[in-house]
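Following: one structure in structure tokens, then a few remarks.
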Amino acid sequence: MVSDKGIARRGTSGLAAGAAFARSLPIIIGLGLVAWLAWGVNWSFVSNLDFTVIYKYRVALFEGLVNTVWITFASLLLGLILAIIFALLANVRYAPLRWIIVFYVEVLRDVPLVVALFWIHFALPVVTGISTSVFESGFIAMALQSSAYLTDAVRAGVQAIPKGQWDAADALGFTTARKWLDIILPQAFRIIIPPLANIALGYFKASSVLALLSVGELTTVATRISNYTFKPIETFTFVAFVYLVLGYSLSWLTFRLENLFETKRI
Amino acid sequence: MSFDTQIVWQNLPSLLYGLRLTIVIVILSLFFAGVIGVLICAGMLLGSPVVRRISADYVSIFRALPEPIIIFWLYYCSPLILNTKLTAFETGAIALAIPSGAYLAEIFRAGIQAIPRGQIEAARALGLPPFWLLWDVLVPQALRIMIPPTLGIVTILIKNSALVSALGVEELFYRANVLGGQTFHYFEFLTVTAIIYFMLILPLSAAVQFQEQRLSARHR
Amino acid sequence: MSSRPIASPSGESSAPFIVCENVRKFYGAFEALKGVSLSAARGEVVCIIGPSGSGKSTLLRTLNGLESFDDGRIRIGDVDLPGTHRQILEVRREVGMVFQSFNLFPHMTVRRNVALAPVRSRGLSWVEANGRAERLLRRVGIVDQIDKYPGQLSGGQQQRVAIARALAVEPQVLLFDEPTSSLDPEMVQEVLQVMRELAHTGITMLVATHEMGFAREVADRVGFMDGGTLLHIAPPREFFDHRADKRLSAFLSKIL
Ligand SMILES: Nc1ncnc2c1ncn2[C@@H]1O[C@H](COP(=O)(O)OP(=O)(O)OP(=O)(O)O)[C@@H](O)[C@H]1O
Ligand SMILES: [Mg+2]
């Protein structure tokens with residue numbers, strides 16, 4: 001944007017040449033990179049490509065996909081419920097409780113999901129004495145971590161509600177419970193739909209991390225198929241494609257959803 | 001149950017060695033990501049329509065792909081495709097850099113485009129030579145906008161670096177698992193590891209939040 | 001040519017410093033300048049008025065190479081635009097510009113805003129340039145704000161800093177593009193006062209403005225632009241009292 005129009009339009013010879021060079025620089029670098037990569041490639045892999053493995057293992061892949069969607073949806077639902085509770089508690093006057101919530105949110109945000117996952121699966125049973133299945137561990141890890149991000153989103157949504165709304169509810173003699181359920185939360189929910197959709201998309205992607213514990217979602221299935229059939233290129237490329245298509249559809253859907261809410265508000 | 005501090009102390013050097021590798025791989029992939037980010041950003045802003053398209057597609061594809069898929073794809077497929085064999089460490093560093101580069105490209109683009117046109121016009125009207133226009137006017141303003149989100153990318157990179165343990169790269173998380181398996185003290189090693197990650201990331205994420213609050217306060 | 005010969009300080013009449021002939025400018029298919037001819041002698045003050053979208057900004061911006069033009073001739077001093085890259089930088093040192101929206105550099109102090117261009121394009125040392133900045137800021141009456149950032153100043157103060165910044169490279173010509181249009185009414189006068197004082201220093205000024213009082217009082221000539229053409233240009237008395245053009249009198253009666 002910076003130099004593009006201005007410099008090119010001015011038509012001074014030296015600068016024009018410079019701009020033309022600058023503009024073709026990415027092409028030159030790109031072509032160089034492609035040439036270098038092509039030179040390093042052993043092209044015989046192309047003749048060995050065999051995408052029938054995808055068809056052969058379609059049922060396993062589909063089950064993996066279902067697990068991915070299911071664990072994402074369920075853990076986010078639990079995460080959202082937790083987040084609403086935490087956001088409510090964060091409004092309590094008792095300061096230590098607020099600190100605990102701040103600490104909880106910060107810890108879960110700053111520890112990698114895969115570390116939380118392994119901690120829940122291998123370390124937590126030492127404390128509680130209850131072991132969880134890998135699927136349960138994955139579910140708990142995603143729910144807890146998403147609850148941290150969602151708490152922030154819900155809190156921001158609640159804070160975005162104009163002070164007049166709180167005053168109006170108080171003036172009308174609402175009880176605290178009614179005030180939250182009828183006035184505050186419905187309005188906050190509208191505000192948090194965009195960040196909520198973003199977090200949901202993020203966890204659809206992040207569920208792939210659970211493959212490090214072989215939880216059995218799509219990436220786990222892909223790893224298994226690839227190890228069993230020695231067809232990693234076909235399997236992983238196809239699965240990457242599935243993630244892309246689903247991710248794009250999801251973001252398209254949330255975009256539509258946001259628009260719907262936008263128009264409704266007017 | 002009790003927390004066995006003794007065993008943690010004994011094996012702390014091994015854990016810290018893993019931490020060192022974590023930091024090395026983060027810095028290395030951050031460097032590659034920076035290079036990718038600058039190239040893709042230049043492609044989006046200055047390229048011909050085709051280059052623009054390719055750059056924008058790179059960004060949207062690698063932002064949407066899960067990191068483990070990129071890591072596994074490279075790890076399992078590169079031996080079949082490339083003439084040379086990449087080590088697990090190299091694979092991990094490249095795989096981490098590819099999506100981070102996409103994020104950085106987007107941050108750079110937004111940072112440059114956020115500078116009002118009037119700034120460039122004023123500098124040109126003053127007769128500032130192009131280098132000084134970049135150095136005195138554009139770069140400082142763009143940097144100020146880009147630093148908080150770039151720190152955010154660094155925190156994500158640190159978190160994702162734990163994923164390359166799956167390739168056998170002996171970084172912090174890998175070491176924690178190996179030590180846990182050898183001693184059956186998973187609880188101790190995983191807890192200490194979680195604390196180390198927390199202490200690595202907390203200052204960065206605090207800085208990001210602080211900066212963002214300051215920026216939004218100034219906009220009001 | 002409607003311009004009267006202007007006496008230079010030494011007493012001899014000089015060739016015009018700025019000459020445009022038949023300048024045309026297209027934005028895509030839209031013709032923003034439809035053959036504008038205008039010249040200004042050294043030390044002359046020319047005000048340009050006209051409705052929004054008439055091409056005042058476009059005309060001023062072609063004069064220092066911020067916009068290209070498609071036809072006609074523009075000569076600044078002894079450089080024909082568009083010149084080489086080097087010549088354009090030279091022209092921009094001779095032709096300063098003050099913008100409607102100030103465009104101060106927000107990340108630099110007032111002092112550095114003013115001192116930057118002399119250092120970077122005139123090769124002064126920072127010490128010399130800072131001294132010059134101080135002198136200029138005293139002249140526009142805000143030397144006490146010298147270590148503040150632009151965001152901490154009022155609009156009128158910012159515009160005065162912008163004038164000092166433009167003066168710092170010691171230009172022959174200053175272009176003003178509606179310098180008071182984005183100011184609160186109470187700040188307009190402080191900026192006009194600075195411009196009034198400048199007009200008496202012998203610097204050439206081209207001012208796009210809606211301030212008729214200022215034009216009448218300070219300008220040597222006033223021009224009227226509409227729809228990309230310079231319809232009429234004359235000394236202020238003749239311009240405002242005779243209203244030679246129908247569109248001009250319509251415009252004036254709307255504004256006055
Ligand atoms: N970059 C551009 N691209 C396309 N059209 C433009 C561009 N800049 C200006 N124009 C058009 O050129 C015409 C003249 O614009 P200009 O800004 O010179 O008018 P103006 O007389 O300065 O008006 P104002 O009083 O609003 O500043 C307008 O119709 C405007 O829409
Ligand atoms: Mg204008």
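Residue numbers start at 1 in each chain; chains themselves are named A, B, ... in the order of the structure tokens; ligands are numbered from 1 in the order shown.
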
- Task: Could the residues of chain B within 7 Å of chain A, counting only C-alpha atoms, be given as a ChimeraX atom specification, please?
- Result: /B:1,39,42-43,45-47,64-66,68-69,73,76-77,80-83,159,166,186-187,190,194,197-198,201-202

Taking only C-alpha atoms and all ligand atoms into account, list the residues no farther than 10 Å from ligand 2, as a JSON list (two decimals) with all heavy atoms, in the first residue's frame.
[["chain", "number", "residue", "atom", "x", "y", "z"],
["C", 50, "GLY", "N", -13.46, 27.61, -3.50],
["C", 50, "GLY", "CA", -14.29, 26.80, -4.38],
["C", 50, "GLY", "C", -14.97, 25.70, -3.60],
["C", 50, "GLY", "O", -14.54, 25.36, -2.50],
["C", 51, "PRO", "N", -16.06, 25.18, -4.17],
["C", 51, "PRO", "CA", -16.82, 24.17, -3.44],
["C", 51, "PRO", "C", -16.03, 22.88, -3.24],
["C", 51, "PRO", "O", -15.00, 22.67, -3.86],
["C", 51, "PRO", "CB", -18.05, 23.92, -4.33],
["C", 51, "PRO", "CG", -17.66, 24.41, -5.67],
["C", 51, "PRO", "CD", -16.66, 25.50, -5.47],
["C", 52, "SER", "N", -16.52, 22.04, -2.35],
["C", 52, "SER", "CA", -15.88, 20.76, -2.06],
["C", 52, "SER", "C", -15.87, 19.90, -3.32],
["C", 52, "SER", "O", -16.84, 19.84, -4.06],
["C", 52, "SER", "CB", -16.66, 20.06, -0.95],
["C", 52, "SER", "OG", -16.00, 18.89, -0.59],
["C", 53, "GLY", "N", -14.72, 19.27, -3.56],
["C", 53, "GLY", "CA", -14.60, 18.40, -4.73],
["C", 53, "GLY", "C", -14.24, 19.13, -6.00],
["C", 53, "GLY", "O", -14.22, 18.54, -7.08],
["C", 54, "SER", "N", -13.94, 20.43, -5.90],
["C", 54, "SER", "CA", -13.64, 21.18, -7.11],
["C", 54, "SER", "C", -12.22, 20.97, -7.61],
["C", 54, "SER", "O", -11.89, 21.40, -8.71],
["C", 54, "SER", "CB", -13.89, 22.67, -6.86],
["C", 54, "SER", "OG", -13.14, 23.10, -5.74],
["C", 55, "GLY", "N", -11.37, 20.36, -6.79],
["C", 55, "GLY", "CA", -10.02, 20.05, -7.24],
["C", 55, "GLY", "C", -8.93, 20.91, -6.61],
["C", 55, "GLY", "O", -7.79, 20.88, -7.05],
["C", 56, "LYS", "N", -9.27, 21.64, -5.54],
["C", 56, "LYS", "CA", -8.27, 22.50, -4.89],
["C", 56, "LYS", "C", -7.11, 21.66, -4.34],
["C", 56, "LYS", "O", -5.94, 21.96, -4.61],
["C", 56, "LYS", "CB", -8.91, 23.29, -3.75],
["C", 56, "LYS", "CG", -10.15, 24.10, -4.15],
["C", 56, "LYS", "CD", -10.70, 24.90, -2.99],
["C", 56, "LYS", "CE", -11.24, 24.05, -1.86],
["C", 56, "LYS", "NZ", -12.47, 23.31, -2.21],
["C", 57, "SER", "N", -7.47, 20.63, -3.59],
["C", 57, "SER", "CA", -6.41, 19.79, -3.02],
["C", 57, "SER", "C", -5.59, 19.15, -4.11],
["C", 57, "SER", "O", -4.36, 19.10, -4.04],
["C", 57, "SER", "CB", -7.02, 18.70, -2.14],
["C", 57, "SER", "OG", -7.79, 19.26, -1.13],
["C", 58, "THR", "N", -6.27, 18.64, -5.12],
["C", 58, "THR", "CA", -5.57, 17.96, -6.20],
["C", 58, "THR", "C", -4.56, 18.89, -6.86],
["C", 58, "THR", "O", -3.40, 18.50, -7.10],
["C", 58, "THR", "CB", -6.58, 17.45, -7.24],
["C", 58, "THR", "OG1", -7.58, 16.68, -6.56],
["C", 58, "THR", "CG2", -5.90, 16.59, -8.28],
["C", 59, "LEU", "N", -4.99, 20.13, -7.11],
["C", 59, "LEU", "CA", -4.08, 21.09, -7.73],
["C", 59, "LEU", "C", -2.85, 21.32, -6.86],
["C", 59, "LEU", "O", -1.71, 21.23, -7.33],
["C", 59, "LEU", "CB", -4.81, 22.42, -7.97],
["C", 59, "LEU", "CG", -3.93, 23.55, -8.50],
["C", 59, "LEU", "CD1", -3.38, 23.18, -9.87],
["C", 59, "LEU", "CD2", -4.70, 24.86, -8.58],
["C", 60, "LEU", "N", -3.06, 21.58, -5.56],
["C", 60, "LEU", "CA", -1.93, 21.83, -4.67],
["C", 60, "LEU", "C", -1.00, 20.63, -4.62],
["C", 60, "LEU", "O", 0.22, 20.77, -4.61],
["C", 60, "LEU", "CB", -2.42, 22.17, -3.26],
["C", 60, "LEU", "CG", -3.15, 23.50, -3.08],
["C", 60, "LEU", "CD1", -3.47, 23.74, -1.62],
["C", 60, "LEU", "CD2", -2.31, 24.64, -3.63],
["C", 61, "ARG", "N", -1.60, 19.44, -4.61],
["C", 61, "ARG", "CA", -0.78, 18.24, -4.45],
["C", 61, "ARG", "C", 0.02, 17.89, -5.71],
["C", 61, "ARG", "O", 1.03, 17.20, -5.61],
["C", 61, "ARG", "CB", -1.64, 17.06, -4.01],
["C", 61, "ARG", "CG", -2.20, 17.25, -2.59],
["C", 61, "ARG", "CD", -3.49, 16.47, -2.39],
["C", 61, "ARG", "NE", -3.26, 15.07, -2.64],
["C", 61, "ARG", "CZ", -2.79, 14.23, -1.73],
["C", 61, "ARG", "NH1", -2.55, 14.66, -0.51],
["C", 61, "ARG", "NH2", -2.57, 12.98, -2.02],
["C", 99, "PHE", "N", -1.18, 20.52, 5.91],
["C", 99, "PHE", "CA", -2.36, 19.72, 5.59],
["C", 99, "PHE", "C", -3.55, 20.10, 6.46],
["C", 99, "PHE", "O", -3.38, 20.59, 7.57],
["C", 99, "PHE", "CB", -2.06, 18.24, 5.80],
["C", 99, "PHE", "CG", -0.95, 17.71, 4.95],
["C", 99, "PHE", "CD1", 0.38, 17.81, 5.36],
["C", 99, "PHE", "CD2", -1.21, 17.12, 3.73],
["C", 99, "PHE", "CE1", 1.40, 17.33, 4.58],
["C", 99, "PHE", "CE2", -0.19, 16.63, 2.94],
["C", 99, "PHE", "CZ", 1.11, 16.74, 3.36],
["C", 100, "GLN", "N", -4.71, 19.76, 5.94],
["C", 100, "GLN", "CA", -5.93, 19.99, 6.70],
["C", 100, "GLN", "C", -5.91, 19.24, 8.03],
["C", 100, "GLN", "O", -6.33, 19.76, 9.05],
["C", 100, "GLN", "CB", -7.13, 19.56, 5.86],
["C", 100, "GLN", "CG", -8.45, 19.73, 6.57],
["C", 100, "GLN", "CD", -9.62, 19.41, 5.64],
["C", 100, "GLN", "OE1", -9.47, 19.32, 4.43],
["C", 100, "GLN", "NE2", -10.78, 19.24, 6.22],
["C", 177, "ASP", "N", -3.38, 23.46, 2.46],
["C", 177, "ASP", "CA", -4.61, 22.82, 2.00],
["C", 177, "ASP", "C", -5.66, 22.90, 3.10],
["C", 177, "ASP", "O", -5.72, 22.07, 3.99],
["C", 177, "ASP", "CB", -4.33, 21.36, 1.62],
["C", 177, "ASP", "CG", -5.51, 20.73, 0.91],
["C", 177, "ASP", "OD1", -6.51, 21.44, 0.68],
["C", 177, "ASP", "OD2", -5.44, 19.53, 0.60],
["C", 178, "GLU", "N", -6.50, 23.89, 3.02],
["C", 178, "GLU", "CA", -7.55, 24.12, 4.03],
["C", 178, "GLU", "C", -7.01, 23.96, 5.45],
["C", 178, "GLU", "O", -7.45, 23.12, 6.21],
["C", 178, "GLU", "CB", -8.71, 23.16, 3.80],
["C", 178, "GLU", "CG", -9.26, 23.30, 2.39],
["C", 178, "GLU", "CD", -10.62, 22.64, 2.24],
["C", 178, "GLU", "OE1", -11.33, 22.58, 3.26],
["C", 178, "GLU", "OE2", -10.96, 22.22, 1.14],
["C", 179, "PRO", "N", -6.05, 24.82, 5.83],
["C", 179, "PRO", "CA", -5.35, 24.61, 7.10],
["C", 179, "PRO", "C", -6.23, 24.82, 8.32],
["C", 179, "PRO", "O", -5.88, 24.36, 9.39],
["C", 179, "PRO", "CB", -4.24, 25.67, 7.06],
["C", 179, "PRO", "CG", -4.75, 26.71, 6.13],
["C", 179, "PRO", "CD", -5.55, 25.99, 5.11],
["C", 181, "SER", "N", -9.69, 24.12, 8.31],
["C", 181, "SER", "CA", -11.01, 23.48, 8.16],
["C", 181, "SER", "C", -11.33, 22.45, 9.22],
["C", 181, "SER", "O", -12.49, 22.16, 9.46],
["C", 181, "SER", "CB", -11.12, 22.83, 6.78],
["C", 181, "SER", "OG", -11.15, 23.83, 5.80],
["C", 208, "ALA", "N", -5.48, 27.02, -0.21],
["C", 208, "ALA", "CA", -6.86, 26.62, -0.44],
["C", 208, "ALA", "C", -7.61, 26.86, 0.86],
["C", 208, "ALA", "O", -7.18, 26.39, 1.91],
["C", 208, "ALA", "CB", -6.93, 25.14, -0.83],
["C", 209, "THR", "N", -8.69, 27.61, 0.80],
["C", 209, "THR", "CA", -9.33, 27.98, 2.07],
["C", 209, "THR", "C", -10.80, 28.32, 1.86],
["C", 209, "THR", "O", -11.26, 28.57, 0.74],
["C", 209, "THR", "CB", -8.61, 29.19, 2.70],
["C", 209, "THR", "OG1", -9.19, 29.45, 3.97],
["C", 209, "THR", "CG2", -8.75, 30.42, 1.82]]

Considering only alpha helix (DSSP H) as DSSP defines it on the backbone, what residues of stretch 24-94 of chain A qualify? List them as a ChimeraX atom specification. /A:24-39,52-56,58-89

Distance limit 12 Å, atoms considered: only C-alpha atoms. Which chain C residues sit that close to chain B? Return them as a count of residues only. 60

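The list of chain C residues within 7 Å of chain A is Ser68, Pro82, Gly83, Thr84 and His85 of chain C; this uses only C-alpha atoms.
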
Create the file for the chosen residues now, containing N, CA, C and O atoms and written as a PDB file, in the first residue's frame.
ATOM      1  N   SER C  68       0.652  12.758  -9.388  1.00  0.00           N
ATOM      2  CA  SER C  68       1.138  12.929 -10.753  1.00  0.00           C
ATOM      3  C   SER C  68       0.065  13.685 -11.537  1.00  0.00           C
ATOM      4  O   SER C  68      -1.052  13.853 -11.069  1.00  0.00           O
ATOM      5  N   PRO C  82       7.051  16.019 -14.127  1.00  0.00           N
ATOM      6  CA  PRO C  82       7.740  15.238 -13.100  1.00  0.00           C
ATOM      7  C   PRO C  82       9.227  15.131 -13.414  1.00  0.00           C
ATOM      8  O   PRO C  82       9.581  14.719 -14.500  1.00  0.00           O
ATOM      9  N   GLY C  83      10.048  15.483 -12.497  1.00  0.00           N
ATOM     10  CA  GLY C  83      11.483  15.407 -12.741  1.00  0.00           C
ATOM     11  C   GLY C  83      12.040  14.062 -12.312  1.00  0.00           C
ATOM     12  O   GLY C  83      11.291  13.119 -12.058  1.00  0.00           O
ATOM     13  N   THR C  84      13.348  13.998 -12.213  1.00  0.00           N
ATOM     14  CA  THR C  84      13.954  12.778 -11.692  1.00  0.00           C
ATOM     15  C   THR C  84      13.670  12.702 -10.203  1.00  0.00           C
ATOM     16  O   THR C  84      13.182  13.652  -9.589  1.00  0.00           O
ATOM     17  N   HIS C  85      13.986  11.557  -9.637  1.00  0.00           N
ATOM     18  CA  HIS C  85      13.776  11.344  -8.214  1.00  0.00           C
ATOM     19  C   HIS C  85      14.478  12.441  -7.405  1.00  0.00           C
ATOM     20  O   HIS C  85      13.927  13.026  -6.479  1.00  0.00           O
TER      21      HIS C  85
END

With distances taken over only C-alpha atoms, the candidate from A:Phe103, A:Phe189, A:Tyr55, A:Trp70 nearest A:Val154 is A:Phe189

What separates atom CA of B:Val35 and atom CA of B:Pro203 is a distance of 25.1 Å
